[in-house]
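Dropping entry-v5.tsv in here (TSV, C-alpha atoms):
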```
chain	number	residue	atom	x	y	z
A	761	MET	CA	0.00	0.00	0.00
A	762	LYS	CA	2.82	2.39	0.88
A	763	ALA	CA	4.63	1.69	-2.39
A	764	ARG	CA	1.45	2.53	-4.33
A	765	MET	CA	1.18	5.88	-2.58
A	766	TYR	CA	4.78	6.82	-3.31
A	767	LEU	CA	4.45	5.70	-6.94
A	768	TRP	CA	1.39	7.92	-7.22
A	769	GLY	CA	3.36	10.76	-5.66
A	770	LEU	CA	6.15	10.33	-8.21
A	771	SER	CA	3.59	10.56	-11.03
A	772	LEU	CA	2.53	14.01	-9.78
A	773	LEU	CA	6.01	15.54	-9.90
A	774	PRO	CA	7.16	17.62	-12.90
A	775	HIS	CA	9.70	16.32	-15.43
A	776	ILE	CA	9.22	12.72	-14.27
A	777	GLY	CA	7.63	10.26	-16.67
A	778	SER	CA	7.24	6.50	-16.58
A	779	ILE	CA	10.75	5.75	-17.86
A	780	THR	CA	12.36	8.12	-15.33
A	781	ILE	CA	10.31	6.58	-12.53
A	782	LYS	CA	11.55	3.10	-13.45
A	783	ARG	CA	15.15	4.34	-13.44
A	784	LEU	CA	14.77	6.06	-10.10
A	785	VAL	CA	13.11	3.08	-8.42
A	786	ALA	CA	15.76	0.73	-9.79
A	787	GLY	CA	18.58	3.04	-8.68
A	788	MET	CA	17.19	3.98	-5.26
A	789	GLY	CA	15.78	0.57	-4.40
A	790	SER	CA	12.12	1.43	-3.71
A	791	GLU	CA	9.30	3.78	-4.64
A	792	GLU	CA	9.60	5.55	-1.28
A	793	ALA	CA	13.33	6.15	-1.70
A	794	ALA	CA	12.78	7.33	-5.27
A	795	PHE	CA	10.15	9.82	-4.09
A	796	ASP	CA	12.50	11.15	-1.40
A	797	ALA	CA	15.52	11.37	-3.76
A	798	ASN	CA	17.58	14.56	-3.44
A	799	ALA	CA	18.72	16.66	-6.39
A	800	GLU	CA	21.98	14.71	-6.80
A	801	ASP	CA	20.17	11.37	-6.87
A	802	LEU	CA	17.63	12.71	-9.34
A	803	LYS	CA	20.50	13.69	-11.64
A	804	ALA	CA	22.44	10.47	-11.12
A	805	TYR	CA	19.63	7.91	-11.33
A	806	GLY	CA	16.88	9.80	-13.16
A	807	GLY	CA	19.06	11.53	-15.73
A	808	LEU	CA	17.53	14.92	-14.94
A	809	SER	CA	19.33	18.21	-15.50
A	810	ALA	CA	20.22	20.32	-12.48
A	811	ALA	CA	17.35	22.74	-13.18
A	812	LYS	CA	14.78	19.94	-13.52
A	813	ALA	CA	16.05	18.18	-10.42
A	814	GLU	CA	15.64	21.38	-8.39
A	815	ALA	CA	12.13	21.85	-9.80
A	816	VAL	CA	11.22	18.32	-8.66
A	817	VAL	CA	12.53	18.92	-5.15
A	818	LYS	CA	10.63	22.20	-4.92
A	819	ALA	CA	7.35	20.65	-6.13
A	820	ARG	CA	7.72	17.75	-3.69
A	821	SER	CA	8.18	20.07	-0.73
A	822	SER	CA	4.76	21.64	-1.36
A	823	LEU	CA	2.94	18.31	-1.77
A	824	ASP	CA	0.98	16.91	1.17
A	825	LEU	CA	1.43	13.36	-0.08
A	826	ILE	CA	-0.29	11.40	2.70
A	827	GLY	CA	-3.19	13.83	3.04
A	828	GLU	CA	-3.82	14.04	-0.71
A	829	TRP	CA	-3.59	10.25	-1.07
A	830	GLU	CA	-6.13	9.70	1.70
A	831	ARG	CA	-8.54	12.19	0.15
A	832	LEU	CA	-8.15	10.57	-3.28
A	833	THR	CA	-8.63	6.97	-2.13
A	834	GLN	CA	-11.69	7.92	-0.06
A	835	ARG	CA	-13.35	9.77	-2.94
A	836	GLN	CA	-16.56	8.09	-4.07
A	837	GLY	CA	-16.73	6.92	-7.68
A	838	VAL	CA	-13.00	7.29	-8.39
A	839	GLY	CA	-10.66	4.31	-8.50
A	840	VAL	CA	-6.86	4.41	-8.65
A	841	VAL	CA	-4.74	1.61	-10.07
A	842	THR	CA	-0.95	1.51	-10.45
A	843	TRP	CA	1.34	-0.79	-12.34
A	844	LEU	CA	2.09	-2.43	-8.95
A	845	ASP	CA	-1.52	-3.66	-8.77
A	846	ARG	CA	-2.80	-6.99	-10.05
A	847	ASP	CA	-5.80	-5.38	-11.75
A	848	TYR	CA	-3.73	-2.92	-13.81
A	849	PRO	CA	-4.66	-3.61	-17.49
A	850	GLN	CA	-2.22	-6.29	-18.66
A	851	ARG	CA	-2.14	-5.18	-22.32
A	852	LEU	CA	-1.02	-1.74	-21.23
A	853	LEU	CA	1.94	-3.23	-19.38
A	854	GLU	CA	3.16	-4.59	-22.73
A	855	ILE	CA	3.87	-1.16	-24.22
A	856	TYR	CA	7.16	0.70	-23.88
A	857	ASP	CA	6.05	3.41	-21.45
A	858	PRO	CA	2.78	2.55	-19.69
A	859	PRO	CA	1.45	5.24	-17.35
A	860	PRO	CA	2.35	4.42	-13.73
A	861	VAL	CA	-1.09	5.45	-12.50
A	862	LEU	CA	-4.59	5.29	-13.97
A	863	TYR	CA	-7.71	6.90	-12.54
A	864	TYR	CA	-10.98	5.18	-13.43
A	865	ARG	CA	-14.76	5.00	-13.04
A	866	GLY	CA	-16.51	1.69	-13.62
A	867	SER	CA	-14.94	-1.76	-13.89
A	868	LEU	CA	-11.47	-2.49	-15.24
A	869	GLY	CA	-12.60	-6.08	-15.73
A	870	CYS	CA	-14.06	-5.23	-19.13
A	871	LEU	CA	-10.47	-4.89	-20.39
A	872	ASP	CA	-9.53	-8.46	-19.52
A	873	GLY	CA	-11.15	-9.98	-22.62
A	874	PRO	CA	-10.85	-9.06	-26.32
A	875	THR	CA	-10.67	-5.31	-26.98
A	876	VAL	CA	-10.83	-3.31	-30.20
A	877	ALA	CA	-10.40	0.45	-30.60
A	878	ILE	CA	-12.60	2.34	-33.06
A	879	VAL	CA	-11.28	5.81	-33.88
A	880	GLY	CA	-11.88	8.51	-36.45
A	881	ARG	CA	-12.42	12.18	-37.03
A	882	ARG	CA	-14.67	14.46	-35.03
A	883	ARG	CA	-16.49	15.89	-38.04
A	884	ALA	CA	-17.70	12.48	-39.14
A	885	SER	CA	-19.84	11.99	-42.22
A	886	PRO	CA	-23.17	10.14	-42.09
A	887	ARG	CA	-21.44	7.26	-43.85
A	888	GLY	CA	-18.70	7.18	-41.21
A	889	LEU	CA	-21.22	7.30	-38.37
A	890	GLY	CA	-23.19	4.49	-39.99
A	891	TRP	CA	-20.13	2.27	-40.29
A	892	THR	CA	-19.10	3.04	-36.72
A	893	LYS	CA	-22.49	2.16	-35.28
A	894	ARG	CA	-22.63	-1.07	-37.23
A	895	LEU	CA	-19.16	-2.07	-36.07
A	896	GLY	CA	-19.75	-0.99	-32.47
A	897	ARG	CA	-23.00	-2.91	-32.08
A	898	ALA	CA	-21.60	-6.06	-33.64
A	899	LEU	CA	-18.36	-6.07	-31.65
A	900	GLY	CA	-20.22	-5.33	-28.43
A	901	ALA	CA	-22.63	-8.18	-29.08
A	902	ALA	CA	-19.67	-10.51	-29.66
A	903	GLY	CA	-18.29	-9.76	-26.19
A	904	ILE	CA	-15.55	-7.44	-27.42
A	905	THR	CA	-14.98	-4.24	-25.44
A	906	VAL	CA	-14.85	-1.24	-27.77
A	907	VAL	CA	-12.21	1.33	-26.81
A	908	SER	CA	-12.20	4.97	-27.91
A	909	GLY	CA	-11.47	8.50	-26.73
A	910	LEU	CA	-14.89	10.05	-25.91
A	911	ALA	CA	-14.38	12.75	-28.55
A	912	LEU	CA	-17.08	14.03	-30.87
A	913	GLY	CA	-17.97	12.14	-34.05
A	914	ILE	CA	-16.61	8.61	-34.52
A	915	ASP	CA	-15.51	8.19	-30.88
A	916	ALA	CA	-18.91	9.08	-29.44
A	917	ALA	CA	-20.73	6.90	-32.00
A	918	ALA	CA	-18.48	3.93	-31.17
A	919	HIS	CA	-19.14	4.24	-27.44
A	920	ALA	CA	-22.89	4.69	-27.84
A	921	ALA	CA	-23.29	1.78	-30.29
A	922	SER	CA	-21.24	-0.68	-28.24
A	923	LEU	CA	-23.18	0.24	-25.10
A	924	GLU	CA	-26.36	-0.90	-26.85
A	925	THR	CA	-25.09	-4.48	-27.02
A	926	GLY	CA	-22.04	-4.78	-24.78
A	927	LYS	CA	-19.24	-2.85	-23.08
A	928	THR	CA	-17.01	0.09	-23.87
A	929	ALA	CA	-13.92	1.79	-22.45
A	930	ALA	CA	-13.32	5.53	-22.82
A	931	VAL	CA	-9.86	7.06	-22.38
A	932	LEU	CA	-9.80	10.75	-21.48
A	933	GLY	CA	-7.33	13.50	-22.29
A	934	THR	CA	-8.42	15.33	-19.13
A	935	GLY	CA	-8.74	14.54	-15.46
A	936	LEU	CA	-11.41	11.95	-14.64
A	937	ASP	CA	-13.61	14.66	-13.12
A	938	ILE	CA	-13.76	16.82	-16.26
A	939	VAL	CA	-16.15	16.00	-19.11
A	940	TYR	CA	-14.74	17.07	-22.46
A	941	PRO	CA	-16.50	17.85	-24.68
A	942	ARG	CA	-19.52	18.76	-22.56
A	943	SER	CA	-21.87	17.44	-25.23
A	944	ASN	CA	-20.76	13.91	-24.30
A	945	GLU	CA	-21.86	14.26	-20.68
A	946	ARG	CA	-24.65	11.69	-21.11
A	947	LEU	CA	-22.16	9.11	-22.43
A	948	TYR	CA	-19.78	9.95	-19.58
A	949	GLU	CA	-22.52	9.14	-17.08
A	950	ASP	CA	-23.72	5.98	-18.87
A	951	ILE	CA	-20.40	4.23	-19.53
A	952	PRO	CA	-19.36	3.22	-15.96
A	953	ALA	CA	-22.49	1.07	-15.51
A	954	SER	CA	-21.27	-1.43	-18.15
A	955	GLY	CA	-17.74	-0.35	-18.95
A	956	VAL	CA	-14.99	1.93	-17.73
A	957	ILE	CA	-13.71	5.50	-18.09
A	958	ILE	CA	-9.94	5.87	-17.73
A	959	SER	CA	-7.53	8.78	-17.43
A	960	PRO	CA	-3.77	8.87	-16.86
A	961	PHE	CA	-4.06	12.48	-15.68
A	962	PRO	CA	-4.64	13.71	-12.10
A	963	LEU	CA	-8.07	15.00	-11.15
A	964	GLY	CA	-8.62	18.56	-12.24
A	965	THR	CA	-6.43	18.31	-15.36
A	966	LYS	CA	-7.98	20.47	-18.07
A	967	PRO	CA	-7.88	19.66	-21.81
A	968	GLN	CA	-4.53	20.67	-23.30
A	969	PRO	CA	-3.23	19.77	-26.80
A	970	GLY	CA	-0.29	17.86	-25.33
A	971	ASN	CA	-2.60	15.54	-23.39
A	972	PHE	CA	-4.18	13.87	-26.41
A	973	PRO	CA	-1.18	12.05	-27.92
A	974	ALA	CA	-0.74	10.41	-24.48
A	975	ARG	CA	-4.46	9.57	-24.50
A	976	ASN	CA	-4.12	8.02	-27.99
A	977	ARG	CA	-1.16	5.90	-26.89
A	978	ILE	CA	-3.29	4.41	-24.11
A	979	ILE	CA	-6.23	3.76	-26.48
A	980	SER	CA	-4.02	1.66	-28.75
A	981	GLY	CA	-2.16	0.12	-25.82
A	982	LEU	CA	-5.38	-1.17	-24.27
A	983	SER	CA	-6.54	-2.69	-27.55
A	984	SER	CA	-5.78	-5.88	-29.45
A	985	ALA	CA	-6.51	-4.03	-32.69
A	986	VAL	CA	-7.40	-0.53	-33.92
A	987	ILE	CA	-10.03	0.28	-36.55
A	988	VAL	CA	-9.80	3.62	-38.34
A	989	VAL	CA	-13.15	4.58	-39.86
A	990	GLU	CA	-12.49	8.13	-41.09
A	991	ALA	CA	-9.45	10.36	-40.77
A	992	GLY	CA	-8.00	13.39	-42.53
A	993	LYS	CA	-4.35	13.96	-43.35
A	994	ARG	CA	-3.46	15.14	-39.83
A	995	SER	CA	-6.08	13.32	-37.80
A	996	GLY	CA	-5.42	12.13	-34.27
A	997	ALA	CA	-6.84	8.80	-35.42
A	998	LEU	CA	-3.79	8.36	-37.65
A	999	ILE	CA	-1.55	9.01	-34.66
A	1000	THR	CA	-3.40	6.26	-32.81
A	1001	ALA	CA	-2.89	3.92	-35.78
A	1002	MET	CA	0.84	4.66	-35.93
A	1003	LEU	CA	1.16	4.08	-32.18
A	1004	ALA	CA	-0.73	0.80	-32.56
A	1005	LEU	CA	1.80	-0.40	-35.13
A	1006	GLU	CA	4.67	0.55	-32.81
A	1007	GLN	CA	2.95	-1.45	-30.05
A	1008	ASN	CA	2.59	-4.48	-32.33
A	1009	ARG	CA	-1.21	-4.13	-32.60
A	1010	ASP	CA	-3.21	-4.93	-35.73
A	1011	VAL	CA	-4.58	-1.95	-37.66
A	1012	TYR	CA	-7.77	-2.17	-39.74
A	1013	ALA	CA	-9.25	0.54	-41.95
A	1014	VAL	CA	-12.61	1.15	-43.60
A	1015	PRO	CA	-11.99	2.23	-47.23
A	1016	GLY	CA	-13.74	5.24	-48.72
A	1017	ASP	CA	-14.21	7.37	-51.80
A	1018	PRO	CA	-10.85	8.98	-52.66
A	1019	ALA	CA	-12.70	12.26	-53.25
A	1020	ASP	CA	-13.87	12.29	-49.62
A	1021	SER	CA	-11.42	14.06	-47.28
A	1022	GLY	CA	-12.37	11.67	-44.49
A	1023	ALA	CA	-11.24	8.70	-46.56
A	1024	VAL	CA	-7.69	10.03	-47.04
A	1025	GLY	CA	-6.42	8.55	-43.77
A	1026	PRO	CA	-7.95	5.05	-44.00
A	1027	ASN	CA	-7.08	4.69	-47.70
A	1028	ARG	CA	-3.48	5.67	-47.03
A	1029	LEU	CA	-3.27	3.20	-44.17
A	1030	ILE	CA	-4.52	0.45	-46.48
A	1031	GLN	CA	-1.87	1.39	-49.04
A	1032	GLU	CA	0.73	1.07	-46.30
A	1033	GLY	CA	-0.43	-2.37	-45.19
A	1034	ALA	CA	-3.42	-1.92	-42.88
A	1035	LYS	CA	-6.09	-4.59	-43.27
A	1036	LEU	CA	-9.07	-3.46	-45.32
A	1037	ILE	CA	-12.38	-4.37	-43.71
A	1038	MET	CA	-15.86	-4.37	-45.24
A	1039	GLY	CA	-17.77	-5.16	-42.07
A	1040	PRO	CA	-17.59	-6.56	-38.53
A	1041	GLU	CA	-17.35	-10.08	-39.96
A	1042	ASP	CA	-13.87	-9.26	-41.29
A	1043	VAL	CA	-12.70	-8.03	-37.88
A	1044	MET	CA	-14.02	-11.14	-36.16
A	1045	GLU	CA	-12.35	-13.38	-38.71
A	1046	GLU	CA	-9.00	-11.63	-38.36
A	1047	MET	CA	-9.22	-11.98	-34.56
A	1048	CYS	CA	-10.26	-15.64	-34.86
A	1049	LEU	CA	-13.49	-14.84	-33.00
A	1050	SER	CA	-16.05	-15.55	-35.74
A	1051	GLY	CA	-17.84	-18.01	-33.47
A	1052	GLN	CA	-18.72	-15.17	-31.08
A	1053	LEU	CA	-20.56	-13.11	-33.70
A	1054	ARG	CA	-24.09	-13.09	-32.32
A	1055	LEU	CA	-25.90	-10.43	-34.38
A	1056	PRO	CA	-27.78	-11.26	-37.63
A	1057	LEU	CA	-25.28	-9.34	-39.74
A	1058	GLU	CA	-25.10	-9.09	-43.50
A	1059	LYS	CA	-22.63	-7.74	-45.99
A	1060	PRO	CA	-23.59	-4.44	-47.68
A	1061	GLY	CA	-25.33	-4.83	-51.02
A	1062	THR	CA	-26.57	-8.43	-50.61
A	1063	GLY	CA	-30.16	-7.26	-50.42
A	1064	ARG	CA	-30.88	-9.90	-47.76
A	1065	VAL	CA	-33.38	-8.62	-45.20
A	1066	PRO	CA	-33.72	-10.11	-41.71
A	1067	LYS	CA	-36.89	-12.09	-41.02
A	1068	ALA	CA	-38.37	-9.41	-38.75
A	1069	PHE	CA	-38.16	-6.95	-41.64
A	1070	VAL	CA	-39.67	-9.37	-44.15
A	1071	GLU	CA	-42.69	-9.79	-41.90
A	1072	THR	CA	-43.37	-6.03	-42.07
A	1073	PRO	CA	-46.77	-5.91	-43.86
A	1074	ASP	CA	-46.21	-2.75	-45.91
A	1075	SER	CA	-44.31	-3.45	-49.17
A	1076	ARG	CA	-43.17	0.18	-49.25
A	1077	THR	CA	-41.68	-0.24	-45.79
A	1078	ARG	CA	-39.95	-3.45	-46.83
A	1079	GLU	CA	-38.41	-1.68	-49.83
A	1080	LEU	CA	-37.08	1.13	-47.64
A	1081	LEU	CA	-35.52	-1.36	-45.24
A	1082	ARG	CA	-34.01	-3.30	-48.12
A	1083	ILE	CA	-32.09	-0.31	-49.49
A	1084	LEU	CA	-31.09	1.26	-46.18
A	1085	THR	CA	-28.09	-1.02	-45.63
A	1086	ARG	CA	-25.93	2.12	-45.89
A	1087	PRO	CA	-26.52	5.76	-44.98
A	1088	LEU	CA	-28.79	7.45	-47.50
A	1089	HIS	CA	-30.23	10.96	-47.69
A	1090	VAL	CA	-34.00	11.38	-47.95
A	1091	ASP	CA	-33.59	12.77	-51.48
A	1092	GLU	CA	-31.55	9.72	-52.55
A	1093	ILE	CA	-34.19	7.41	-51.10
A	1094	ALA	CA	-36.93	9.23	-53.02
A	1095	VAL	CA	-35.01	8.82	-56.29
A	1096	MET	CA	-34.25	5.14	-55.66
A	1097	THR	CA	-37.84	4.25	-54.73
A	1098	GLY	CA	-39.74	6.67	-56.97
A	1099	LEU	CA	-41.72	7.86	-53.97
A	1100	PRO	CA	-42.49	11.50	-53.16
A	1101	VAL	CA	-40.19	13.00	-50.52
A	1102	SER	CA	-43.19	13.61	-48.24
A	1103	VAL	CA	-44.09	9.91	-48.34
A	1104	VAL	CA	-40.49	8.89	-47.70
A	1105	ASN	CA	-40.30	11.21	-44.71
A	1106	SER	CA	-43.50	9.91	-43.13
A	1107	SER	CA	-42.43	6.29	-43.68
A	1108	LEU	CA	-39.02	6.95	-42.15
A	1109	VAL	CA	-40.62	8.52	-39.08
A	1110	GLU	CA	-42.70	5.36	-38.57
A	1111	LEU	CA	-39.66	3.14	-39.00
A	1112	GLU	CA	-37.60	5.27	-36.63
A	1113	LEU	CA	-40.30	5.09	-33.96
A	1114	ALA	CA	-40.38	1.32	-34.44
A	1115	GLY	CA	-36.62	1.18	-33.87
A	1116	LEU	CA	-35.90	-0.21	-37.34
A	1117	VAL	CA	-34.01	2.78	-38.76
A	1118	GLU	CA	-32.04	5.63	-37.24
A	1119	GLN	CA	-31.20	9.15	-38.31
A	1120	LEU	CA	-27.42	9.57	-38.42
A	1121	ALA	CA	-27.41	13.26	-39.32
A	1122	ALA	CA	-29.86	15.75	-40.75
A	1123	GLY	CA	-31.71	13.91	-43.52
A	1124	PHE	CA	-29.49	10.79	-43.50
A	1125	PHE	CA	-30.93	7.44	-42.43
A	1126	GLN	CA	-29.72	3.86	-42.10
A	1127	ARG	CA	-31.32	0.60	-41.11
A	1128	VAL	CA	-30.52	-0.61	-37.58
A	1129	SER	CA	-28.47	-3.83	-37.80
```

If you convert what's in this file into structure tokens, what do you get?
Amino acid sequence: MKARMYLWGLSLLPHIGSITIKRLVAGMGSEEAAFDANAEDLKAYGGLSAAKAEAVVKARSSLDLIGEWERLTQRQGVGVVTWLDRDYPQRLLEIYDPPPVLYYRGSLGCLDGPTVAIVGRRRASPRGLGWTKRLGRALGAAGITVVSGLALGIDAAAHAASLETGKTAAVLGTGLDIVYPRSNERLYEDIPASGVIISPFPLGTKPQPGNFPARNRIISGLSSAVIVVEAGKRSGALITAMLALEQNRDVYAVPGDPADSGAVGPNRLIQEGAKLIMGPEDVMEEMCLSGQLRLPLEKPGTGRVPKAFVETPDSRTRELLRILTRPLHVDEIAVMTGLPVSVVNSSLVELELAGLVEQLAAGFFQRVS
């Protein structure tokens, strides 16, 4: 217990990362000795410059370690796990520089089984959201925990879809007590009931640009594989994919129209060797988990409609369900079916209320898998 506290204390000090902590503990003999190291020891064992060593000593002198640790561990709804603990995520220990401390809400147990990250851009297209929801629901139903970063767009869609059928893990770029962006507050509250929210940052840490590469490294580190749905040239999702490759994780990508800016990232990844996927079936096959696929899934364009849809009495409704295997705009649906837009709209409202289709964005609809 004491070692955990001192390891946590080391993680709060400036200029000390996971690699430096390992060096200090190895050189000083224990976490407590490493925490109490003087400036000379910090230079000798930690490799810090004189200025950084002095900054560490100064910061330590103003830290009420025991008091802060007691307040943290007694706080309701916040868990703390260190790499000294048995329940620290094992996959994360495999990477080069795992964070020494994680703060969490929910259950870390959902990370013990198969895990797949789904990442992509914030300004996701209806097509990207449709693919993400299809993948998230299917993977969740197969018992795979879907990992993402609780950002807008693809991340939020992945969390929400996997929660419908299974579990999800969200990795934050802020302290565990800060919801960012605020629009995802509902997801933030829902996830701990059947998943986990994780942050490597102390409580109260606000969103800063430098936090998110560290967040992305943990997303890929927690995952057996990473799926990139949409990403621009400089997307954070591409950073996650590159980190996944460095960590010896599989990378999958959903191909797209070369004219679509959101397809630039996935298409480039495929050119460079990422595995092209056309649906959740491909992911399951690659992970040798096809036997766990429990949803009545179909490949796009087969025209096969699940039995529940076939039994829908209205032929017009059946036709709409048949073509809505991918995101379509109301105007496209009207052209494909020859129906007036007003009729299409009223039919879609009925189907949405019945839970058979969903609106992905203004005017875009897709059949629920």

For Lys1035 of chain A: contacts at 8 Å, only C-alpha atoms, fewer than 5 positions along chain excluded, given as a ChimeraX atom specification:
/A:1011-1013,1030

I need the residue nearest Cys870 of chain A from this list: A:Gly955, A:Val907, A:Lys803, A:Leu923. Use all atoms listed in the file for the distance.
A:Gly955

At what distance in Å, to one decimal, does atom CA of Asp801 of chain A lie from atom CA of Pro774 of chain A?
15.6 Å

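The spacing separating atom CA of Leu1120 of chain A from atom CA of Leu889 of chain A amounts to 6.6 Å.
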
Determine, counting all atoms listed in the file, which protein, DNA and RNA residues have an atom within 9 Å of an atom of Asp937 of chain A; residues of the same chain fewer than 5 positions away are not included. Present the result as a PDB file with C-alpha atoms, keeping the file's coordinate frame.
```pdb
ATOM      1  CA  VAL A 838     -13.000   7.290  -8.390  1.00  0.00           C
ATOM      2  CA  LEU A 963      -8.070  15.000 -11.150  1.00  0.00           C
ATOM      3  CA  GLY A 964      -8.620  18.560 -12.240  1.00  0.00           C
ATOM      4  CA  THR A 965      -6.430  18.310 -15.360  1.00  0.00           C
TER       5      THR A 965
END
```

Could you rebuild segment 1021-1041 of chain A with N, CA and C atoms and give me the result as a PDB file, keeping the file's coordinate frame?
```pdb
ATOM      1  N   SER A1021     -12.573  13.728 -48.126  1.00  0.00           N
ATOM      2  CA  SER A1021     -11.420  14.060 -47.280  1.00  0.00           C
ATOM      3  C   SER A1021     -11.292  13.121 -46.088  1.00  0.00           C
ATOM      4  N   GLY A1022     -12.416  12.582 -45.615  1.00  0.00           N
ATOM      5  CA  GLY A1022     -12.370  11.670 -44.490  1.00  0.00           C
ATOM      6  C   GLY A1022     -11.834  10.293 -44.836  1.00  0.00           C
ATOM      7  N   ALA A1023     -11.746  10.005 -46.134  1.00  0.00           N
ATOM      8  CA  ALA A1023     -11.240   8.700 -46.560  1.00  0.00           C
ATOM      9  C   ALA A1023      -9.729   8.724 -46.797  1.00  0.00           C
ATOM     10  N   VAL A1024      -9.127   9.907 -46.771  1.00  0.00           N
ATOM     11  CA  VAL A1024      -7.690  10.030 -47.040  1.00  0.00           C
ATOM     12  C   VAL A1024      -6.879   9.170 -46.072  1.00  0.00           C
ATOM     13  N   GLY A1025      -7.173   9.286 -44.783  1.00  0.00           N
ATOM     14  CA  GLY A1025      -6.420   8.550 -43.770  1.00  0.00           C
ATOM     15  C   GLY A1025      -6.558   7.043 -43.898  1.00  0.00           C
ATOM     16  N   PRO A1026      -7.797   6.499 -43.879  1.00  0.00           N
ATOM     17  CA  PRO A1026      -7.950   5.050 -44.000  1.00  0.00           C
ATOM     18  C   PRO A1026      -7.371   4.489 -45.301  1.00  0.00           C
ATOM     19  N   ASN A1027      -7.598   5.185 -46.421  1.00  0.00           N
ATOM     20  CA  ASN A1027      -7.080   4.690 -47.700  1.00  0.00           C
ATOM     21  C   ASN A1027      -5.558   4.646 -47.700  1.00  0.00           C
ATOM     22  N   ARG A1028      -4.937   5.655 -47.094  1.00  0.00           N
ATOM     23  CA  ARG A1028      -3.480   5.670 -47.030  1.00  0.00           C
ATOM     24  C   ARG A1028      -2.964   4.537 -46.138  1.00  0.00           C
ATOM     25  N   LEU A1029      -3.658   4.294 -45.045  1.00  0.00           N
ATOM     26  CA  LEU A1029      -3.270   3.200 -44.170  1.00  0.00           C
ATOM     27  C   LEU A1029      -3.336   1.856 -44.899  1.00  0.00           C
ATOM     28  N   ILE A1030      -4.375   1.694 -45.713  1.00  0.00           N
ATOM     29  CA  ILE A1030      -4.520   0.450 -46.480  1.00  0.00           C
ATOM     30  C   ILE A1030      -3.373   0.311 -47.478  1.00  0.00           C
ATOM     31  N   GLN A1031      -3.016   1.418 -48.121  1.00  0.00           N
ATOM     32  CA  GLN A1031      -1.870   1.390 -49.040  1.00  0.00           C
ATOM     33  C   GLN A1031      -0.598   0.963 -48.329  1.00  0.00           C
ATOM     34  N   GLU A1032      -0.496   1.348 -47.068  1.00  0.00           N
ATOM     35  CA  GLU A1032       0.730   1.070 -46.300  1.00  0.00           C
ATOM     36  C   GLU A1032       0.680  -0.251 -45.547  1.00  0.00           C
ATOM     37  N   GLY A1033      -0.398  -1.025 -45.763  1.00  0.00           N
ATOM     38  CA  GLY A1033      -0.430  -2.370 -45.190  1.00  0.00           C
ATOM     39  C   GLY A1033      -1.501  -2.647 -44.160  1.00  0.00           C
ATOM     40  N   ALA A1034      -2.319  -1.653 -43.808  1.00  0.00           N
ATOM     41  CA  ALA A1034      -3.420  -1.920 -42.880  1.00  0.00           C
ATOM     42  C   ALA A1034      -4.415  -2.866 -43.542  1.00  0.00           C
ATOM     43  N   LYS A1035      -5.137  -3.605 -42.737  1.00  0.00           N
ATOM     44  CA  LYS A1035      -6.090  -4.590 -43.270  1.00  0.00           C
ATOM     45  C   LYS A1035      -7.401  -3.907 -43.615  1.00  0.00           C
ATOM     46  N   LEU A1036      -7.820  -4.042 -44.855  1.00  0.00           N
ATOM     47  CA  LEU A1036      -9.070  -3.460 -45.320  1.00  0.00           C
ATOM     48  C   LEU A1036     -10.216  -4.300 -44.779  1.00  0.00           C
ATOM     49  N   ILE A1037     -11.208  -3.640 -44.190  1.00  0.00           N
ATOM     50  CA  ILE A1037     -12.380  -4.370 -43.710  1.00  0.00           C
ATOM     51  C   ILE A1037     -13.639  -3.827 -44.364  1.00  0.00           C
ATOM     52  N   MET A1038     -14.580  -4.722 -44.622  1.00  0.00           N
ATOM     53  CA  MET A1038     -15.860  -4.370 -45.240  1.00  0.00           C
ATOM     54  C   MET A1038     -17.020  -4.575 -44.277  1.00  0.00           C
ATOM     55  N   GLY A1039     -16.720  -4.949 -43.046  1.00  0.00           N
ATOM     56  CA  GLY A1039     -17.770  -5.160 -42.070  1.00  0.00           C
ATOM     57  C   GLY A1039     -17.218  -5.820 -40.827  1.00  0.00           C
ATOM     58  N   PRO A1040     -18.051  -5.949 -39.783  1.00  0.00           N
ATOM     59  CA  PRO A1040     -17.590  -6.560 -38.530  1.00  0.00           C
ATOM     60  C   PRO A1040     -17.161  -8.017 -38.707  1.00  0.00           C
ATOM     61  N   GLU A1041     -17.726  -8.683 -39.726  1.00  0.00           N
ATOM     62  CA  GLU A1041     -17.350 -10.080 -39.960  1.00  0.00           C
ATOM     63  C   GLU A1041     -15.848 -10.202 -40.228  1.00  0.00           C
TER      64      GLU A1041
END
```
